[in-house]
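For reference, the structure is listed below as structure tokens.
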Amino acid sequence: MFGKLCLLIIILTASAAVVVPEVKAEAREIGAEDSVVVTKLCSFDKPLIDPTDESNSKFCDCDVENSPPWGIPVVLINCQDHHFQNAIFQVKILPQGTIRLDLSYNKLTSIPSFVSEKLQYLSVRHNEIASLTDKNFANVTMLLELDISENNIELINSDAFIGLTLLRKLNLAENKIKTIQPNAFSVFSYLEHLILSHNPLGEFLNSSENDIFLRLGVTPRLHNIELENCTITKIDLSSGVGLDNIVLGSNQLFQIPNLPKQLSLLDISDNPIRVMTAKFLPHLHNLQHLIMQDMPNLYKLEEFALFGLPRLTNLNLQGSRNLTVIDPYIFGKNVVLNETDTVLEHLNLKGTSIKTLNSSLEFAFERLAVLDLTGAPLNCDCQLQWIKHLGNATVHGSCTKPMSLRGHQLVDLEQDQFKCKVEKSWVYMMFNVLLVILLIVLVLAAIYLVYIAIRPRQKVQMRKPGSNSPYARVTIEPNQMENL
């Protein structure tokens, strides 16, 4: 018994000897983070920085690579999640040759001011930045990409980006931006990709002067613009002569806004549009990708809804759970008459309420490579048999009806399994007989009423009775004998 007790004491003592230094080391590390002023981001004394070395705990992850095509050494600095604050971050000059700096997931309340002649990629994502000061980036004029997403910025003033003439991509998503001052983006001579998603810009963009290019000075070189979940009800993008991709998902659009003709990708997912009509989209002759995922109210694609989209290759309607009807002439009647061709290659109807597809769509699906009907309540009868003729297409989906085929995959079915019921039950026949008899009775009754209404009536002549007529008026004289 005494031996077991001694053994237990030894084990507890050893555990304490292991745990206590770890706690002390952790305390020293936290204390160092709270007190050390950061003036140098990298230590190149050691090729591989040892994270357990307390002397290196204040440094970021720094790598040196040879950039193509000439193999010039460049520096990549990753300072993610280092708990940096403006009070301790006092770096003035970045290491020579630094082209990438990642300061995301820190506690910065403003963008630090430092000098770099080579920096091309800067990320301050997921900090606590509330505002952008004027000429904040005046000393990093070679920037090509700037990510300021997931902060608390409410206003973009006109001089916030002075000096960033060469910038190609700007990400301002997931802030609290309500107002952008006029010509705030006019400094960007080469901007190609602008992300403003998840900002409360609705009131600002829905105002009368809603052409974003003219109002904000956006360069005509802009190829991609993302305005997802910005509470937009209307917007004019027709001045974007260089736009290729537009993302307008999760807004309050009931109609499609004015769009540039050369557009190749349009994403209008999760908008309250009910019906896709013939005039739903303008004639976008270069549109290749149309994304309409998770449309909560969309239930029908009408005739000619996709007419005027000759280069459409990808149509995505996934998750539009109320979509039940796709008109057989959705691409126009000329397609069915084999007078014009379509180039549709991918059609995604996953998670919709489509039960069947008209056989006329076979002409529009001649080049189809993928047809995804997963989760749709398909009625696998003779009207859906034509899908087996799409020899080059990969079809995903399973049957809901009839019960004999419930759960069967479309690809596993043979053509003779797509059947329609032709036999009629006696109840159905009796109902039809009674219906015919009722119709006959109603017709006869109608004929009789018409006859009664139009038959000639007998004339009644009224004659005044003569004095000798039994119907003549009789005057009764009082009896004189009663007075005697």
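Residue numbering restarts at 1 in every chain; chains get A, B, ... in the order shown in the structure tokens, and ligands count up from 1 in that same order.
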
| query | Which of stretch 126-217 of chain A counts as helix (DSSP H, G or I) under DSSP, as a list in words please? | reply | Gly202, Glu203, Phe204, Leu205, Ile212, Phe213, Leu214, Arg215 and Leu216 of chain A

Requested in this report: Fewer than 5 positions away in the same chain doesn't count, so skip those; otherwise give me all residues within 6 Å of stretch 237-242 of chain A, counting only C-alpha atoms, as number ranges by chain.
Outcome: A: 220-223, 258-260

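Among A:Leu309, A:Leu155, A:Leu119, A:Leu191, the residue with the shortest atom-to-atom distance to A:Asp134, counting only C-alpha atoms, is A:Leu155.
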
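The coordinates place atom CA of A:Asp147 at 21.2 Å from atom CA of A:Pro182.
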
Near-A:Phe84 list (12 Å; only C-alpha atoms; drop same-chain fewer than 6 positions) as an mmCIF file with N, CA, C and O atoms, in the first residue's frame:
```cif
data_model
loop_
_atom_site.group_PDB
_atom_site.id
_atom_site.type_symbol
_atom_site.label_atom_id
_atom_site.label_comp_id
_atom_site.auth_asym_id
_atom_site.auth_seq_id
_atom_site.Cartn_x
_atom_site.Cartn_y
_atom_site.Cartn_z
ATOM 1 N N ALA A 32 4.809 39.047 -23.844
ATOM 2 C CA ALA A 32 5.643 39.616 -24.900
ATOM 3 C C ALA A 32 4.788 40.246 -25.976
ATOM 4 O O ALA A 32 5.100 41.318 -26.498
ATOM 5 N N GLU A 33 3.661 39.581 -26.335
ATOM 6 C CA GLU A 33 2.780 40.126 -27.360
ATOM 7 C C GLU A 33 2.163 41.451 -26.917
ATOM 8 O O GLU A 33 1.951 42.341 -27.734
ATOM 9 N N ASP A 34 1.884 41.561 -25.630
ATOM 10 C CA ASP A 34 1.240 42.774 -25.140
ATOM 11 C C ASP A 34 2.214 43.943 -25.016
ATOM 12 O O ASP A 34 1.807 45.096 -25.046
ATOM 13 N N SER A 35 3.508 43.662 -24.870
ATOM 14 C CA SER A 35 4.444 44.730 -24.545
ATOM 15 C C SER A 35 5.442 45.041 -25.657
ATOM 16 O O SER A 35 5.921 46.165 -25.749
ATOM 17 N N VAL A 36 5.792 44.059 -26.500
ATOM 18 C CA VAL A 36 6.828 44.257 -27.506
ATOM 19 C C VAL A 36 6.319 45.131 -28.632
ATOM 20 O O VAL A 36 5.253 44.883 -29.196
ATOM 21 N N VAL A 37 7.067 46.161 -28.982
ATOM 22 C CA VAL A 37 6.734 47.001 -30.126
ATOM 23 C C VAL A 37 7.359 46.389 -31.368
ATOM 24 O O VAL A 37 8.572 46.141 -31.401
ATOM 25 N N VAL A 38 6.545 46.128 -32.373
ATOM 26 C CA VAL A 38 7.011 45.464 -33.579
ATOM 27 C C VAL A 38 7.560 46.502 -34.547
ATOM 28 O O VAL A 38 6.817 47.354 -35.045
ATOM 29 N N THR A 39 8.854 46.428 -34.778
ATOM 30 C CA THR A 39 9.488 47.318 -35.757
ATOM 31 C C THR A 39 10.101 46.552 -36.912
ATOM 32 O O THR A 39 10.514 47.149 -37.902
ATOM 33 N N LEU A 41 9.453 42.844 -39.180
ATOM 34 C CA LEU A 41 8.538 41.725 -39.407
ATOM 35 C C LEU A 41 9.254 40.403 -39.592
ATOM 36 O O LEU A 41 8.705 39.359 -39.282
ATOM 37 N N LYS A 58 7.888 37.216 -32.016
ATOM 38 C CA LYS A 58 7.299 38.450 -32.521
ATOM 39 C C LYS A 58 7.376 38.570 -34.039
ATOM 40 O O LYS A 58 6.831 39.513 -34.612
ATOM 41 N N PHE A 59 8.062 37.646 -34.702
ATOM 42 C CA PHE A 59 8.255 37.721 -36.141
ATOM 43 C C PHE A 59 7.133 36.997 -36.886
ATOM 44 O O PHE A 59 6.515 36.068 -36.379
ATOM 45 N N CYS A 60 6.910 37.438 -38.120
ATOM 46 C CA CYS A 60 5.913 36.793 -38.988
ATOM 47 C C CYS A 60 6.560 35.657 -39.770
ATOM 48 O O CYS A 60 7.780 35.460 -39.728
ATOM 49 N N GLN A 90 4.752 49.200 -35.398
ATOM 50 C CA GLN A 90 5.462 50.425 -35.759
ATOM 51 C C GLN A 90 6.456 50.186 -36.899
ATOM 52 O O GLN A 90 7.515 50.791 -36.943
ATOM 53 N N VAL A 91 6.107 49.298 -37.808
ATOM 54 C CA VAL A 91 6.979 48.997 -38.943
ATOM 55 C C VAL A 91 6.926 50.158 -39.931
ATOM 56 O O VAL A 91 5.844 50.564 -40.367
ATOM 57 N N ASP A 102 0.446 39.887 -45.681
ATOM 58 C CA ASP A 102 -0.866 39.472 -45.188
ATOM 59 C C ASP A 102 -0.977 39.837 -43.708
ATOM 60 O O ASP A 102 -0.328 39.237 -42.855
ATOM 61 N N LEU A 103 -1.806 40.827 -43.405
ATOM 62 C CA LEU A 103 -2.052 41.273 -42.034
ATOM 63 C C LEU A 103 -3.467 40.925 -41.577
ATOM 64 O O LEU A 103 -4.027 41.570 -40.697
ATOM 65 N N SER A 104 -4.058 39.917 -42.185
ATOM 66 C CA SER A 104 -5.442 39.564 -41.865
ATOM 67 C C SER A 104 -5.546 38.909 -40.498
ATOM 68 O O SER A 104 -4.572 38.400 -39.948
ATOM 69 N N TYR A 105 -6.767 38.978 -39.942
ATOM 70 C CA TYR A 105 -7.085 38.371 -38.643
ATOM 71 C C TYR A 105 -6.200 38.914 -37.530
ATOM 72 O O TYR A 105 -5.620 38.175 -36.734
ATOM 73 N N ASN A 106 -6.095 40.248 -37.475
ATOM 74 C CA ASN A 106 -5.411 40.921 -36.381
ATOM 75 C C ASN A 106 -6.386 41.874 -35.696
ATOM 76 O O ASN A 106 -7.609 41.734 -35.841
ATOM 77 N N LYS A 107 -5.875 42.877 -34.992
ATOM 78 C CA LYS A 107 -6.718 43.802 -34.250
ATOM 79 C C LYS A 107 -6.430 45.242 -34.636
ATOM 80 O O LYS A 107 -6.525 46.153 -33.807
ATOM 81 N N LEU A 108 -6.118 45.464 -35.884
ATOM 82 C CA LEU A 108 -5.805 46.805 -36.362
ATOM 83 C C LEU A 108 -7.081 47.621 -36.499
ATOM 84 O O LEU A 108 -8.084 47.150 -37.042
ATOM 85 N N THR A 109 -7.056 48.855 -36.016
ATOM 86 C CA THR A 109 -8.202 49.754 -36.143
ATOM 87 C C THR A 109 -8.046 50.732 -37.302
ATOM 88 O O THR A 109 -8.991 51.417 -37.674
ATOM 89 N N SER A 110 -6.835 50.803 -37.848
ATOM 90 C CA SER A 110 -6.578 51.606 -39.045
ATOM 91 C C SER A 110 -5.454 50.928 -39.823
ATOM 92 O O SER A 110 -4.707 50.105 -39.272
ATOM 93 N N ILE A 111 -5.346 51.252 -41.083
ATOM 94 C CA ILE A 111 -4.325 50.625 -41.915
ATOM 95 C C ILE A 111 -2.979 51.258 -41.604
ATOM 96 O O ILE A 111 -2.820 52.480 -41.700
ATOM 97 N N PRO A 112 -1.985 50.440 -41.219
ATOM 98 C CA PRO A 112 -0.663 51.000 -40.879
ATOM 99 C C PRO A 112 -0.037 51.706 -42.082
ATOM 100 O O PRO A 112 -0.271 51.349 -43.237
ATOM 101 N N VAL A 124 -5.557 43.221 -45.404
ATOM 102 C CA VAL A 124 -5.865 43.576 -44.015
ATOM 103 C C VAL A 124 -7.270 43.075 -43.674
ATOM 104 O O VAL A 124 -8.028 43.707 -42.942
ATOM 105 N N ASN A 127 -10.061 42.670 -39.712
ATOM 106 C CA ASN A 127 -9.511 43.464 -38.628
ATOM 107 C C ASN A 127 -10.643 44.300 -38.028
ATOM 108 O O ASN A 127 -11.818 43.935 -38.163
ATOM 109 N N GLU A 128 -10.308 45.414 -37.401
ATOM 110 C CA GLU A 128 -11.315 46.285 -36.793
ATOM 111 C C GLU A 128 -11.227 47.689 -37.365
ATOM 112 O O GLU A 128 -11.483 48.684 -36.675
#
```

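Using only C-alpha atoms, the shortest contact distance between A:Ala369 and any of A:Thr356, A:Asn348, A:Thr394, A:Asn322 is found at A:Thr394.
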
Between stretch 263-307 of chain A and stretch 313-320 of chain A, at 6 Å or less, what are the per-residue closest atom pairs and their distances in Å? Count only C-alpha atoms, order by chain and rising residue number, and return it as a Markdown table.
```
| residue | atom | partner | partner_atom | distance |
| --- | --- | --- | --- | --- |
| A:Gln288 | CA | A:Thr313 | CA | 5.2 |
| A:His289 | CA | A:Asn314 | CA | 4.8 |
| A:Leu290 | CA | A:Leu315 | CA | 5.1 |
| A:Ile291 | CA | A:Asn316 | CA | 4.8 |
| A:Met292 | CA | A:Leu317 | CA | 5.0 |
| A:Gln293 | CA | A:Leu317 | CA | 4.8 |
| A:Asp294 | CA | A:Gly319 | CA | 4.4 |
| A:Met295 | CA | A:Ser320 | CA | 4.6 |
| A:Pro296 | CA | A:Ser320 | CA | 5.9 |
```

Practice prompt. Find the residues near A:Gly163: any atom within 12 Å, counting only C-alpha atoms, skip ones fewer than 5 places away on the same chain, and give them as a ChimeraX atom specification.
Written response: /A:134-144,185-189

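One distance worth recording is that between atom CA of A:Gln383 and atom CA of A:Asn432, which is 24.7 Å.
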
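Here atom CA of A:Ile148 is placed at a distance of 5.0 Å from atom CA of A:Arg125.
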
Counting only C-alpha atoms, the residue among A:Tyr428, A:Tyr121, A:Phe204, A:Phe363 that lies closest to A:Ile387 is A:Phe363

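Closest approach to A:Val218 among A:Leu201, A:Leu170, A:Leu306, A:Ala364 is made by A:Leu170 (distances from only C-alpha atoms).
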
Note to self: Taking the DSSP secondary structure from the backbone, can you list the residues of stretch 233-291 of chain A that are strand (DSSP E), as a ChimeraX atom specification?
What the structure shows: /A:245-247,265-267,275-276,289-291

Got a sec: who's within 12 Å of A:Asn66, counting only C-alpha atoms, leaving out chain neighbours fewer than 2 positions off, as a list in words? Asp63, Val64, Pro68, Pro69, Trp70, Gly71, Ile72, Pro73, Val74, Val75, Leu76, Gly97, Thr98 and Ile99 of chain A

Go ahead and save the picked residues with N, CA, C and O atoms, as an mmCIF file, in the first residue's frame.
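What follows is the written file out36.cif:
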```
data_model
loop_
_atom_site.group_PDB
_atom_site.id
_atom_site.type_symbol
_atom_site.label_atom_id
_atom_site.label_comp_id
_atom_site.auth_asym_id
_atom_site.auth_seq_id
_atom_site.Cartn_x
_atom_site.Cartn_y
_atom_site.Cartn_z
ATOM 1 N N ASP A 63 8.959 34.072 -46.270
ATOM 2 C CA ASP A 63 9.544 33.160 -47.240
ATOM 3 C C ASP A 63 10.196 33.964 -48.353
ATOM 4 O O ASP A 63 9.713 35.040 -48.736
ATOM 5 N N VAL A 64 11.261 33.404 -48.883
ATOM 6 C CA VAL A 64 11.948 33.993 -50.026
ATOM 7 C C VAL A 64 11.805 33.044 -51.206
ATOM 8 O O VAL A 64 12.153 31.863 -51.106
ATOM 9 N N PRO A 68 9.176 34.113 -61.329
ATOM 10 C CA PRO A 68 9.378 33.950 -62.774
ATOM 11 C C PRO A 68 9.214 35.295 -63.475
ATOM 12 O O PRO A 68 8.586 36.208 -62.923
ATOM 13 N N PRO A 69 9.769 35.490 -64.679
ATOM 14 C CA PRO A 69 10.531 34.460 -65.417
ATOM 15 C C PRO A 69 12.030 34.578 -65.218
ATOM 16 O O PRO A 69 12.788 33.742 -65.689
ATOM 17 N N TRP A 70 12.463 35.629 -64.499
ATOM 18 C CA TRP A 70 13.908 35.860 -64.399
ATOM 19 C C TRP A 70 14.501 35.315 -63.107
ATOM 20 O O TRP A 70 15.703 35.371 -62.906
ATOM 21 N N GLY A 71 13.686 34.816 -62.192
ATOM 22 C CA GLY A 71 14.207 34.223 -60.967
ATOM 23 C C GLY A 71 14.698 35.212 -59.945
ATOM 24 O O GLY A 71 15.563 34.889 -59.123
ATOM 25 N N ILE A 72 14.171 36.432 -59.950
ATOM 26 C CA ILE A 72 14.573 37.443 -58.974
ATOM 27 C C ILE A 72 13.980 37.077 -57.616
ATOM 28 O O ILE A 72 12.782 36.792 -57.507
ATOM 29 N N PRO A 73 14.787 37.067 -56.545
ATOM 30 C CA PRO A 73 14.264 36.731 -55.208
ATOM 31 C C PRO A 73 13.218 37.748 -54.751
ATOM 32 O O PRO A 73 13.424 38.961 -54.847
ATOM 33 N N VAL A 74 12.088 37.242 -54.228
ATOM 34 C CA VAL A 74 11.031 38.087 -53.680
ATOM 35 C C VAL A 74 10.660 37.562 -52.300
ATOM 36 O O VAL A 74 10.878 36.390 -51.972
ATOM 37 N N VAL A 75 10.118 38.455 -51.473
ATOM 38 C CA VAL A 75 9.773 38.122 -50.089
ATOM 39 C C VAL A 75 8.255 38.082 -49.931
ATOM 40 O O VAL A 75 7.552 39.008 -50.370
ATOM 41 N N LEU A 76 7.753 37.007 -49.296
ATOM 42 C CA LEU A 76 6.334 36.838 -48.983
ATOM 43 C C LEU A 76 6.186 36.808 -47.467
ATOM 44 O O LEU A 76 6.799 35.959 -46.800
ATOM 45 N N GLY A 97 12.354 43.864 -51.445
ATOM 46 C CA GLY A 97 11.862 42.795 -52.302
ATOM 47 C C GLY A 97 10.538 42.205 -51.871
ATOM 48 O O GLY A 97 10.056 41.244 -52.468
ATOM 49 N N THR A 98 9.888 42.757 -50.826
ATOM 50 C CA THR A 98 8.593 42.237 -50.372
ATOM 51 C C THR A 98 7.508 42.545 -51.406
ATOM 52 O O THR A 98 7.293 43.705 -51.762
ATOM 53 N N ILE A 99 6.826 41.505 -51.878
ATOM 54 C CA ILE A 99 5.742 41.699 -52.847
ATOM 55 C C ILE A 99 4.380 41.325 -52.261
ATOM 56 O O ILE A 99 3.351 41.700 -52.815
#
```
